[in-house]
>>> print(open('target.cif').read())   # mmCIF, N, CA and C atoms
data_model
#
loop_
_atom_site.group_PDB
_atom_site.id
_atom_site.type_symbol
_atom_site.label_atom_id
_atom_site.label_comp_id
_atom_site.auth_asym_id
_atom_site.auth_seq_id
_atom_site.Cartn_x
_atom_site.Cartn_y
_atom_site.Cartn_z
ATOM 1 N N MET A 1 2.232 9.149 -14.797
ATOM 2 C CA MET A 1 2.247 7.875 -14.099
ATOM 3 C C MET A 1 3.548 7.789 -13.298
ATOM 4 N N VAL A 2 3.442 7.277 -12.084
ATOM 5 C CA VAL A 2 4.579 7.077 -11.201
ATOM 6 C C VAL A 2 4.728 5.574 -10.973
ATOM 7 N N CYS A 3 5.968 5.104 -10.987
ATOM 8 C CA CYS A 3 6.262 3.698 -10.732
ATOM 9 C C CYS A 3 7.108 3.609 -9.469
ATOM 10 N N ALA A 4 6.743 2.685 -8.585
ATOM 11 C CA ALA A 4 7.500 2.494 -7.344
ATOM 12 C C ALA A 4 7.678 1.001 -7.087
ATOM 13 N N VAL A 5 8.850 0.638 -6.594
ATOM 14 C CA VAL A 5 9.115 -0.734 -6.177
ATOM 15 C C VAL A 5 9.214 -0.709 -4.655
ATOM 16 N N HIS A 6 8.466 -1.609 -4.011
ATOM 17 C CA HIS A 6 8.427 -1.640 -2.544
ATOM 18 C C HIS A 6 8.854 -3.004 -2.014
ATOM 19 N N HIS A 7 9.517 -2.965 -0.874
ATOM 20 C CA HIS A 7 9.913 -4.165 -0.133
ATOM 21 C C HIS A 7 9.357 -3.975 1.275
ATOM 22 N N PHE A 8 8.387 -4.803 1.657
ATOM 23 C CA PHE A 8 7.757 -4.685 2.968
ATOM 24 C C PHE A 8 8.125 -5.892 3.829
ATOM 25 N N ALA A 9 8.748 -5.650 4.960
ATOM 26 C CA ALA A 9 9.148 -6.715 5.883
ATOM 27 C C ALA A 9 7.931 -7.289 6.608
ATOM 28 N N PRO A 10 8.032 -8.541 7.059
ATOM 29 C CA PRO A 10 6.953 -9.098 7.874
ATOM 30 C C PRO A 10 6.647 -8.165 9.056
ATOM 31 N N GLY A 11 5.362 -7.998 9.341
ATOM 32 C CA GLY A 11 4.941 -7.117 10.429
ATOM 33 C C GLY A 11 4.681 -5.678 10.011
ATOM 34 N N THR A 12 4.925 -5.334 8.754
ATOM 35 C CA THR A 12 4.688 -3.961 8.291
ATOM 36 C C THR A 12 3.193 -3.659 8.276
ATOM 37 N N ASP A 13 2.845 -2.487 8.791
ATOM 38 C CA ASP A 13 1.470 -1.979 8.749
ATOM 39 C C ASP A 13 1.580 -0.521 8.308
ATOM 40 N N ILE A 14 1.100 -0.202 7.112
ATOM 41 C CA ILE A 14 1.256 1.172 6.600
ATOM 42 C C ILE A 14 0.148 2.116 7.071
ATOM 43 N N THR A 15 -0.817 1.609 7.822
ATOM 44 C CA THR A 15 -1.965 2.409 8.244
ATOM 45 C C THR A 15 -1.568 3.730 8.909
ATOM 46 N N PRO A 16 -0.622 3.761 9.847
ATOM 47 C CA PRO A 16 -0.272 5.034 10.495
ATOM 48 C C PRO A 16 0.226 6.112 9.522
ATOM 49 N N ALA A 17 0.776 5.717 8.398
ATOM 50 C CA ALA A 17 1.276 6.697 7.431
ATOM 51 C C ALA A 17 0.150 7.539 6.836
ATOM 52 N N PHE A 18 -1.073 7.035 6.901
ATOM 53 C CA PHE A 18 -2.205 7.730 6.294
ATOM 54 C C PHE A 18 -3.104 8.398 7.321
ATOM 55 N N GLU A 19 -2.537 8.731 8.464
ATOM 56 C CA GLU A 19 -3.284 9.393 9.531
ATOM 57 C C GLU A 19 -4.010 10.641 9.027
ATOM 58 N N ALA A 20 -3.365 11.408 8.181
ATOM 59 C CA ALA A 20 -3.959 12.647 7.659
ATOM 60 C C ALA A 20 -5.182 12.387 6.781
ATOM 61 N N PHE A 21 -5.331 11.151 6.311
ATOM 62 C CA PHE A 21 -6.456 10.785 5.444
ATOM 63 C C PHE A 21 -7.434 9.860 6.157
ATOM 64 N N GLY A 22 -7.425 9.849 7.473
ATOM 65 C CA GLY A 22 -8.298 8.962 8.215
ATOM 66 C C GLY A 22 -7.825 7.520 8.190
ATOM 67 N N GLU A 23 -6.520 7.319 7.981
ATOM 68 C CA GLU A 23 -5.853 6.007 7.969
ATOM 69 C C GLU A 23 -6.095 5.195 6.696
ATOM 70 N N TRP A 24 -6.529 5.847 5.609
ATOM 71 C CA TRP A 24 -6.782 5.155 4.342
ATOM 72 C C TRP A 24 -6.040 5.877 3.222
ATOM 73 N N CYS A 25 -5.322 5.143 2.392
ATOM 74 C CA CYS A 25 -4.602 5.735 1.263
ATOM 75 C C CYS A 25 -5.620 6.251 0.247
ATOM 76 N N PRO A 26 -5.499 7.524 -0.157
ATOM 77 C CA PRO A 26 -6.469 8.112 -1.080
ATOM 78 C C PRO A 26 -6.138 7.899 -2.561
ATOM 79 N N VAL A 27 -5.079 7.154 -2.843
ATOM 80 C CA VAL A 27 -4.606 6.999 -4.222
ATOM 81 C C VAL A 27 -4.814 5.563 -4.716
ATOM 82 N N PRO A 28 -5.449 5.389 -5.876
ATOM 83 C CA PRO A 28 -5.538 4.043 -6.451
ATOM 84 C C PRO A 28 -4.184 3.621 -7.028
ATOM 85 N N HIS A 29 -3.921 2.310 -7.020
ATOM 86 C CA HIS A 29 -2.657 1.773 -7.534
ATOM 87 C C HIS A 29 -2.930 0.529 -8.383
ATOM 88 N N TRP A 30 -2.085 0.328 -9.374
ATOM 89 C CA TRP A 30 -2.065 -0.896 -10.172
ATOM 90 C C TRP A 30 -0.693 -1.505 -9.958
ATOM 91 N N GLY A 31 -0.571 -2.830 -9.953
ATOM 92 C CA GLY A 31 0.757 -3.378 -9.722
ATOM 93 C C GLY A 31 0.844 -4.875 -9.904
ATOM 94 N N TYR A 32 2.006 -5.379 -9.510
ATOM 95 C CA TYR A 32 2.324 -6.804 -9.595
ATOM 96 C C TYR A 32 3.100 -7.189 -8.338
ATOM 97 N N CYS A 33 2.739 -8.321 -7.744
ATOM 98 C CA CYS A 33 3.423 -8.825 -6.547
ATOM 99 C C CYS A 33 4.447 -9.878 -6.968
ATOM 100 N N PHE A 34 5.718 -9.597 -6.706
ATOM 101 C CA PHE A 34 6.809 -10.510 -7.055
ATOM 102 C C PHE A 34 7.001 -11.623 -6.026
ATOM 103 N N LYS A 35 6.801 -11.266 -4.751
ATOM 104 C CA LYS A 35 7.193 -12.179 -3.669
ATOM 105 C C LYS A 35 6.320 -11.915 -2.453
ATOM 106 N N GLY A 36 6.000 -12.972 -1.711
ATOM 107 C CA GLY A 36 5.251 -12.821 -0.469
ATOM 108 C C GLY A 36 3.778 -12.548 -0.705
ATOM 109 N N GLU A 37 3.158 -11.937 0.292
ATOM 110 C CA GLU A 37 1.752 -11.567 0.178
ATOM 111 C C GLU A 37 1.450 -10.395 1.099
ATOM 112 N N MET A 38 0.389 -9.676 0.753
ATOM 113 C CA MET A 38 -0.032 -8.536 1.556
ATOM 114 C C MET A 38 -1.543 -8.590 1.738
ATOM 115 N N ILE A 39 -1.968 -8.202 2.921
ATOM 116 C CA ILE A 39 -3.389 -8.146 3.245
ATOM 117 C C ILE A 39 -3.852 -6.722 2.984
ATOM 118 N N MET A 40 -4.813 -6.577 2.078
ATOM 119 C CA MET A 40 -5.363 -5.267 1.758
ATOM 120 C C MET A 40 -6.688 -5.116 2.484
ATOM 121 N N ARG A 41 -6.839 -4.011 3.179
ATOM 122 C CA ARG A 41 -8.098 -3.708 3.861
ATOM 123 C C ARG A 41 -8.627 -2.390 3.292
ATOM 124 N N TYR A 42 -9.932 -2.348 3.111
ATOM 125 C CA TYR A 42 -10.578 -1.183 2.512
ATOM 126 C C TYR A 42 -11.556 -0.533 3.488
ATOM 127 N N LYS A 43 -11.756 0.745 3.287
ATOM 128 C CA LYS A 43 -12.633 1.527 4.154
ATOM 129 C C LYS A 43 -14.047 0.947 4.216
ATOM 130 N N ASP A 44 -14.494 0.306 3.142
ATOM 131 C CA ASP A 44 -15.841 -0.266 3.108
ATOM 132 C C ASP A 44 -15.938 -1.581 3.888
ATOM 133 N N GLY A 45 -14.827 -2.011 4.515
ATOM 134 C CA GLY A 45 -14.820 -3.226 5.321
ATOM 135 C C GLY A 45 -14.381 -4.475 4.580
ATOM 136 N N SER A 46 -14.201 -4.378 3.268
ATOM 137 C CA SER A 46 -13.758 -5.549 2.506
ATOM 138 C C SER A 46 -12.261 -5.760 2.687
ATOM 139 N N GLU A 47 -11.816 -6.950 2.370
ATOM 140 C CA GLU A 47 -10.418 -7.330 2.535
ATOM 141 C C GLU A 47 -10.044 -8.303 1.420
ATOM 142 N N GLU A 48 -8.800 -8.242 0.979
ATOM 143 C CA GLU A 48 -8.304 -9.213 0.008
ATOM 144 C C GLU A 48 -6.827 -9.476 0.280
ATOM 145 N N ILE A 49 -6.368 -10.622 -0.181
ATOM 146 C CA ILE A 49 -4.955 -10.958 -0.053
ATOM 147 C C ILE A 49 -4.345 -10.960 -1.447
ATOM 148 N N VAL A 50 -3.274 -10.213 -1.605
ATOM 149 C CA VAL A 50 -2.519 -10.182 -2.857
ATOM 150 C C VAL A 50 -1.289 -11.051 -2.641
ATOM 151 N N ARG A 51 -1.097 -12.028 -3.520
ATOM 152 C CA ARG A 51 -0.002 -13.000 -3.371
ATOM 153 C C ARG A 51 0.980 -12.905 -4.533
ATOM 154 N N ALA A 52 2.163 -13.476 -4.334
ATOM 155 C CA ALA A 52 3.176 -13.524 -5.395
ATOM 156 C C ALA A 52 2.539 -14.057 -6.676
ATOM 157 N N GLY A 53 2.799 -13.357 -7.775
ATOM 158 C CA GLY A 53 2.247 -13.730 -9.077
ATOM 159 C C GLY A 53 0.963 -13.007 -9.431
ATOM 160 N N ASP A 54 0.376 -12.289 -8.464
ATOM 161 C CA ASP A 54 -0.873 -11.564 -8.722
ATOM 162 C C ASP A 54 -0.612 -10.198 -9.345
ATOM 163 N N VAL A 55 -1.441 -9.863 -10.326
ATOM 164 C CA VAL A 55 -1.555 -8.494 -10.827
ATOM 165 C C VAL A 55 -2.700 -7.893 -10.021
ATOM 166 N N PHE A 56 -2.555 -6.649 -9.560
ATOM 167 C CA PHE A 56 -3.588 -6.102 -8.683
ATOM 168 C C PHE A 56 -3.984 -4.678 -9.041
ATOM 169 N N TYR A 57 -5.188 -4.331 -8.605
ATOM 170 C CA TYR A 57 -5.694 -2.960 -8.614
ATOM 171 C C TYR A 57 -6.200 -2.686 -7.210
ATOM 172 N N LEU A 58 -5.714 -1.612 -6.604
ATOM 173 C CA LEU A 58 -6.150 -1.201 -5.271
ATOM 174 C C LEU A 58 -6.891 0.116 -5.413
ATOM 175 N N HIS A 59 -8.209 0.093 -5.156
ATOM 176 C CA HIS A 59 -8.943 1.351 -5.259
ATOM 177 C C HIS A 59 -8.604 2.238 -4.070
ATOM 178 N N LYS A 60 -8.931 3.519 -4.176
ATOM 179 C CA LYS A 60 -8.622 4.440 -3.075
ATOM 180 C C LYS A 60 -9.300 3.972 -1.796
ATOM 181 N N ASP A 61 -8.832 4.494 -0.684
ATOM 182 C CA ASP A 61 -9.324 4.146 0.645
ATOM 183 C C ASP A 61 -8.952 2.715 1.030
ATOM 184 N N HIS A 62 -7.649 2.425 0.943
ATOM 185 C CA HIS A 62 -7.125 1.120 1.336
ATOM 186 C C HIS A 62 -5.962 1.297 2.314
ATOM 187 N N THR A 63 -5.621 0.225 2.964
ATOM 188 C CA THR A 63 -4.399 0.153 3.751
ATOM 189 C C THR A 63 -3.826 -1.251 3.574
ATOM 190 N N MET A 64 -2.603 -1.466 4.023
ATOM 191 C CA MET A 64 -1.927 -2.727 3.761
ATOM 192 C C MET A 64 -1.181 -3.189 5.007
ATOM 193 N N ILE A 65 -1.253 -4.493 5.241
ATOM 194 C CA ILE A 65 -0.567 -5.111 6.370
ATOM 195 C C ILE A 65 0.139 -6.370 5.882
ATOM 196 N N ILE A 66 1.359 -6.577 6.360
ATOM 197 C CA ILE A 66 2.080 -7.825 6.110
ATOM 198 C C ILE A 66 2.054 -8.601 7.430
ATOM 199 N N ASP A 67 1.578 -9.821 7.373
ATOM 200 C CA ASP A 67 1.496 -10.651 8.570
ATOM 201 C C ASP A 67 2.859 -10.721 9.255
ATOM 202 N N LYS A 68 2.869 -10.534 10.571
ATOM 203 C CA LYS A 68 4.143 -10.567 11.311
ATOM 204 C C LYS A 68 4.808 -11.938 11.255
ATOM 205 N N ASN A 69 4.040 -12.980 10.979
ATOM 206 C CA ASN A 69 4.588 -14.335 10.886
ATOM 207 C C ASN A 69 4.861 -14.777 9.450
ATOM 208 N N ALA A 70 4.787 -13.839 8.518
ATOM 209 C CA ALA A 70 5.045 -14.184 7.111
ATOM 210 C C ALA A 70 6.470 -14.721 6.974
ATOM 211 N N PRO A 71 6.655 -15.791 6.196
ATOM 212 C CA PRO A 71 7.992 -16.388 6.067
ATOM 213 C C PRO A 71 8.951 -15.552 5.209
ATOM 214 N N VAL A 72 8.405 -14.663 4.372
ATOM 215 C CA VAL A 72 9.246 -13.807 3.524
ATOM 216 C C VAL A 72 8.643 -12.412 3.450
ATOM 217 N N ALA A 73 9.456 -11.454 3.049
ATOM 218 C CA ALA A 73 8.978 -10.095 2.832
ATOM 219 C C ALA A 73 8.085 -10.069 1.590
ATOM 220 N N CYS A 74 7.322 -9.011 1.452
ATOM 221 C CA CYS A 74 6.481 -8.815 0.274
ATOM 222 C C CYS A 74 7.177 -7.800 -0.636
ATOM 223 N N GLU A 75 7.289 -8.144 -1.916
ATOM 224 C CA GLU A 75 7.914 -7.242 -2.885
ATOM 225 C C GLU A 75 6.941 -7.003 -4.035
ATOM 226 N N ILE A 76 6.705 -5.710 -4.323
ATOM 227 C CA ILE A 76 5.759 -5.340 -5.374
ATOM 228 C C ILE A 76 6.319 -4.226 -6.245
ATOM 229 N N ILE A 77 5.752 -4.098 -7.427
ATOM 230 C CA ILE A 77 5.938 -2.911 -8.257
ATOM 231 C C ILE A 77 4.551 -2.324 -8.414
ATOM 232 N N GLU A 78 4.463 -1.006 -8.307
ATOM 233 C CA GLU A 78 3.160 -0.356 -8.282
ATOM 234 C C GLU A 78 3.182 0.886 -9.164
ATOM 235 N N PHE A 79 2.054 1.125 -9.811
ATOM 236 C CA PHE A 79 1.896 2.271 -10.706
ATOM 237 C C PHE A 79 0.721 3.107 -10.225
ATOM 238 N N SER A 80 0.911 4.441 -10.234
ATOM 239 C CA SER A 80 -0.119 5.360 -9.748
ATOM 240 C C SER A 80 -0.142 6.601 -10.621
ATOM 241 N N ASN A 81 -1.278 7.282 -10.621
ATOM 242 C CA ASN A 81 -1.374 8.567 -11.302
ATOM 243 C C ASN A 81 -0.424 9.542 -10.620
ATOM 244 N N ALA A 82 0.430 10.185 -11.391
ATOM 245 C CA ALA A 82 1.485 11.037 -10.824
ATOM 246 C C ALA A 82 0.940 12.166 -9.958
ATOM 247 N N ALA A 83 -0.061 12.880 -10.433
ATOM 248 C CA ALA A 83 -0.582 14.026 -9.682
ATOM 249 C C ALA A 83 -1.167 13.574 -8.336
ATOM 250 N N ASP A 84 -1.954 12.506 -8.356
ATOM 251 C CA ASP A 84 -2.548 11.995 -7.115
ATOM 252 C C ASP A 84 -1.475 11.517 -6.144
ATOM 253 N N PHE A 85 -0.491 10.795 -6.663
ATOM 254 C CA PHE A 85 0.571 10.231 -5.831
ATOM 255 C C PHE A 85 1.398 11.342 -5.175
ATOM 256 N N VAL A 86 1.813 12.328 -5.957
ATOM 257 C CA VAL A 86 2.655 13.405 -5.429
ATOM 258 C C VAL A 86 1.908 14.201 -4.359
ATOM 259 N N GLU A 87 0.638 14.487 -4.598
ATOM 260 C CA GLU A 87 -0.153 15.227 -3.616
ATOM 261 C C GLU A 87 -0.250 14.452 -2.296
ATOM 262 N N ALA A 88 -0.588 13.181 -2.371
ATOM 263 C CA ALA A 88 -0.708 12.368 -1.157
ATOM 264 C C ALA A 88 0.644 12.185 -0.473
ATOM 265 N N GLU A 89 1.678 11.929 -1.244
ATOM 266 C CA GLU A 89 3.021 11.720 -0.679
ATOM 267 C C GLU A 89 3.510 12.960 0.062
ATOM 268 N N THR A 90 3.203 14.137 -0.456
ATOM 269 C CA THR A 90 3.589 15.389 0.203
ATOM 270 C C THR A 90 2.937 15.494 1.578
ATOM 271 N N ILE A 91 1.671 15.138 1.662
ATOM 272 C CA ILE A 91 0.958 15.195 2.940
ATOM 273 C C ILE A 91 1.474 14.125 3.900
ATOM 274 N N VAL A 92 1.701 12.912 3.399
ATOM 275 C CA VAL A 92 2.235 11.827 4.236
ATOM 276 C C VAL A 92 3.590 12.219 4.803
ATOM 277 N N THR A 93 4.455 12.798 3.982
ATOM 278 C CA THR A 93 5.797 13.210 4.422
ATOM 279 C C THR A 93 5.718 14.280 5.502
ATOM 280 N N LYS A 94 4.833 15.272 5.319
ATOM 281 C CA LYS A 94 4.668 16.325 6.329
ATOM 282 C C LYS A 94 4.165 15.736 7.645
ATOM 283 N N THR A 95 3.227 14.822 7.566
ATOM 284 C CA THR A 95 2.679 14.180 8.766
ATOM 285 C C THR A 95 3.747 13.388 9.501
ATOM 286 N N ALA A 96 4.592 12.676 8.741
ATOM 287 C CA ALA A 96 5.647 11.832 9.340
ATOM 288 C C ALA A 96 6.708 12.659 10.053
ATOM 289 N N LYS A 97 6.907 13.903 9.625
ATOM 290 C CA LYS A 97 7.944 14.752 10.218
ATOM 291 C C LYS A 97 7.496 15.407 11.510
ATOM 292 N N LYS A 98 6.206 15.331 11.841
ATOM 293 C CA LYS A 98 5.699 15.969 13.060
ATOM 294 C C LYS A 98 6.113 15.215 14.297
#
>>> encode(input="target.cif", output="structure tokens")
Amino acid sequence: MVCAVHHFAPGTDITPAFEAFGEWCPVPHWGYCFKGEMIMRYKDGSEEIVRAGDVFYLHKDHTMIIDKNAPVACEIIEFSNAADFVEAETIVTKTAKK
């Protein structure tokens, strides 16, 4: 299991980071939102908003956007399967360096 703490500023869109995966994160995540909110979009067309105080599960094939007009940043702690996370992160890092 891998644990990560993220701080996303208003206007953040992580979709380009997953270009190698067709713009969708291939790793499921479990977590808790400390502050702000994030818009989750899924490959199947569904959408949900995760807000401060929410415990969440994000199935694979998702992306995340923080509204550019959000009054505060979004802060979360997230847990992922280590093998899945490391594999995806390696590909994302290689893509970002191109």
>>> resolve_selection(input="target.cif", expression="the PyMOL selection byres ((chain A and resi 32-48) around 8)", output="PyMOL selection string")
chain A and resi 23-25+29-31+49-57+59-67+70-79
>>> write_last_selection(input="target.cif", atoms="N, CA and C atoms", output="mmCIF file, in the coordinates of the input")
data_model
loop_
_atom_site.group_PDB
_atom_site.id
_atom_site.type_symbol
_atom_site.label_atom_id
_atom_site.label_comp_id
_atom_site.auth_asym_id
_atom_site.auth_seq_id
_atom_site.Cartn_x
_atom_site.Cartn_y
_atom_site.Cartn_z
ATOM 1 N N GLU A 23 -6.520 7.319 7.981
ATOM 2 C CA GLU A 23 -5.853 6.007 7.969
ATOM 3 C C GLU A 23 -6.095 5.195 6.696
ATOM 4 N N TRP A 24 -6.529 5.847 5.609
ATOM 5 C CA TRP A 24 -6.782 5.155 4.342
ATOM 6 C C TRP A 24 -6.040 5.877 3.222
ATOM 7 N N CYS A 25 -5.322 5.143 2.392
ATOM 8 C CA CYS A 25 -4.602 5.735 1.263
ATOM 9 C C CYS A 25 -5.620 6.251 0.247
ATOM 10 N N HIS A 29 -3.921 2.310 -7.020
ATOM 11 C CA HIS A 29 -2.657 1.773 -7.534
ATOM 12 C C HIS A 29 -2.930 0.529 -8.383
ATOM 13 N N TRP A 30 -2.085 0.328 -9.374
ATOM 14 C CA TRP A 30 -2.065 -0.896 -10.172
ATOM 15 C C TRP A 30 -0.693 -1.505 -9.958
ATOM 16 N N GLY A 31 -0.571 -2.830 -9.953
ATOM 17 C CA GLY A 31 0.757 -3.378 -9.722
ATOM 18 C C GLY A 31 0.844 -4.875 -9.904
ATOM 19 N N ILE A 49 -6.368 -10.622 -0.181
ATOM 20 C CA ILE A 49 -4.955 -10.958 -0.053
ATOM 21 C C ILE A 49 -4.345 -10.960 -1.447
ATOM 22 N N VAL A 50 -3.274 -10.213 -1.605
ATOM 23 C CA VAL A 50 -2.519 -10.182 -2.857
ATOM 24 C C VAL A 50 -1.289 -11.051 -2.641
ATOM 25 N N ARG A 51 -1.097 -12.028 -3.520
ATOM 26 C CA ARG A 51 -0.002 -13.000 -3.371
ATOM 27 C C ARG A 51 0.980 -12.905 -4.533
ATOM 28 N N ALA A 52 2.163 -13.476 -4.334
ATOM 29 C CA ALA A 52 3.176 -13.524 -5.395
ATOM 30 C C ALA A 52 2.539 -14.057 -6.676
ATOM 31 N N GLY A 53 2.799 -13.357 -7.775
ATOM 32 C CA GLY A 53 2.247 -13.730 -9.077
ATOM 33 C C GLY A 53 0.963 -13.007 -9.431
ATOM 34 N N ASP A 54 0.376 -12.289 -8.464
ATOM 35 C CA ASP A 54 -0.873 -11.564 -8.722
ATOM 36 C C ASP A 54 -0.612 -10.198 -9.345
ATOM 37 N N VAL A 55 -1.441 -9.863 -10.326
ATOM 38 C CA VAL A 55 -1.555 -8.494 -10.827
ATOM 39 C C VAL A 55 -2.700 -7.893 -10.021
ATOM 40 N N PHE A 56 -2.555 -6.649 -9.560
ATOM 41 C CA PHE A 56 -3.588 -6.102 -8.683
ATOM 42 C C PHE A 56 -3.984 -4.678 -9.041
ATOM 43 N N TYR A 57 -5.188 -4.331 -8.605
ATOM 44 C CA TYR A 57 -5.694 -2.960 -8.614
ATOM 45 C C TYR A 57 -6.200 -2.686 -7.210
ATOM 46 N N HIS A 59 -8.209 0.093 -5.156
ATOM 47 C CA HIS A 59 -8.943 1.351 -5.259
ATOM 48 C C HIS A 59 -8.604 2.238 -4.070
ATOM 49 N N LYS A 60 -8.931 3.519 -4.176
ATOM 50 C CA LYS A 60 -8.622 4.440 -3.075
ATOM 51 C C LYS A 60 -9.300 3.972 -1.796
ATOM 52 N N ASP A 61 -8.832 4.494 -0.684
ATOM 53 C CA ASP A 61 -9.324 4.146 0.645
ATOM 54 C C ASP A 61 -8.952 2.715 1.030
ATOM 55 N N HIS A 62 -7.649 2.425 0.943
ATOM 56 C CA HIS A 62 -7.125 1.120 1.336
ATOM 57 C C HIS A 62 -5.962 1.297 2.314
ATOM 58 N N THR A 63 -5.621 0.225 2.964
ATOM 59 C CA THR A 63 -4.399 0.153 3.751
ATOM 60 C C THR A 63 -3.826 -1.251 3.574
ATOM 61 N N MET A 64 -2.603 -1.466 4.023
ATOM 62 C CA MET A 64 -1.927 -2.727 3.761
ATOM 63 C C MET A 64 -1.181 -3.189 5.007
ATOM 64 N N ILE A 65 -1.253 -4.493 5.241
ATOM 65 C CA ILE A 65 -0.567 -5.111 6.370
ATOM 66 C C ILE A 65 0.139 -6.370 5.882
ATOM 67 N N ILE A 66 1.359 -6.577 6.360
ATOM 68 C CA ILE A 66 2.080 -7.825 6.110
ATOM 69 C C ILE A 66 2.054 -8.601 7.430
ATOM 70 N N ASP A 67 1.578 -9.821 7.373
ATOM 71 C CA ASP A 67 1.496 -10.651 8.570
ATOM 72 C C ASP A 67 2.859 -10.721 9.255
ATOM 73 N N ALA A 70 4.787 -13.839 8.518
ATOM 74 C CA ALA A 70 5.045 -14.184 7.111
ATOM 75 C C ALA A 70 6.470 -14.721 6.974
ATOM 76 N N PRO A 71 6.655 -15.791 6.196
ATOM 77 C CA PRO A 71 7.992 -16.388 6.067
ATOM 78 C C PRO A 71 8.951 -15.552 5.209
ATOM 79 N N VAL A 72 8.405 -14.663 4.372
ATOM 80 C CA VAL A 72 9.246 -13.807 3.524
ATOM 81 C C VAL A 72 8.643 -12.412 3.450
ATOM 82 N N ALA A 73 9.456 -11.454 3.049
ATOM 83 C CA ALA A 73 8.978 -10.095 2.832
ATOM 84 C C ALA A 73 8.085 -10.069 1.590
ATOM 85 N N CYS A 74 7.322 -9.011 1.452
ATOM 86 C CA CYS A 74 6.481 -8.815 0.274
ATOM 87 C C CYS A 74 7.177 -7.800 -0.636
ATOM 88 N N GLU A 75 7.289 -8.144 -1.916
ATOM 89 C CA GLU A 75 7.914 -7.242 -2.885
ATOM 90 C C GLU A 75 6.941 -7.003 -4.035
ATOM 91 N N ILE A 76 6.705 -5.710 -4.323
ATOM 92 C CA ILE A 76 5.759 -5.340 -5.374
ATOM 93 C C ILE A 76 6.319 -4.226 -6.245
ATOM 94 N N ILE A 77 5.752 -4.098 -7.427
ATOM 95 C CA ILE A 77 5.938 -2.911 -8.257
ATOM 96 C C ILE A 77 4.551 -2.324 -8.414
ATOM 97 N N GLU A 78 4.463 -1.006 -8.307
ATOM 98 C CA GLU A 78 3.160 -0.356 -8.282
ATOM 99 C C GLU A 78 3.182 0.886 -9.164
ATOM 100 N N PHE A 79 2.054 1.125 -9.811
ATOM 101 C CA PHE A 79 1.896 2.271 -10.706
ATOM 102 C C PHE A 79 0.721 3.107 -10.225
#
>>> atom_distance(input="target.cif", atom1="atom C of A:Gly11", atom2="atom CA of A:Glu87")
25.4 Å
>>> select_by_dssp(input="target.cif", residues="chain A", states="helix (DSSP H, G or I)", output="list in words")
Thr15, Pro16, Ala17, Phe18, Glu19, Ala20, Phe21, Ala82, Ala83, Asp84, Phe85, Val86, Glu87, Ala88, Glu89, Thr90, Ile91, Val92, Thr93, Lys94, Thr95 and Ala96 of chain A
>>> closest_residue(input="target.cif", among="A:Val27, A:Val86, A:Ile14, A:Leu58", to="A:Val2", atoms="only N, CA and C atoms")
A:Val86
>>> closest_residue(input="target.cif", among="A:Ala88, A:Thr12, A:Val5, A:Lys68", to="A:Pro26", atoms="only N, CA and C atoms")
A:Ala88
>>> atom_distance(input="target.cif", atom1="atom CA of A:Ser80", atom2="atom CA of A:Thr95")
20.7 Å
>>> select_by_dssp(input="target.cif", residues="stretch 2-98 of chain A", states="strand (DSSP E or B)", output="ChimeraX atom specification")
/A:2-8,13,25,29-35,37-42,47-51,55-58,62-65,74-80
>>> closest_residue(input="target.cif", among="A:Ala17, A:Gly22, A:Ala4, A:Pro28", to="A:Thr93", atoms="only N, CA and C atoms")
A:Ala17
>>> atom_distance(input="target.cif", atom1="atom C of A:Thr15", atom2="atom N of A:Val92")
11.2 Å
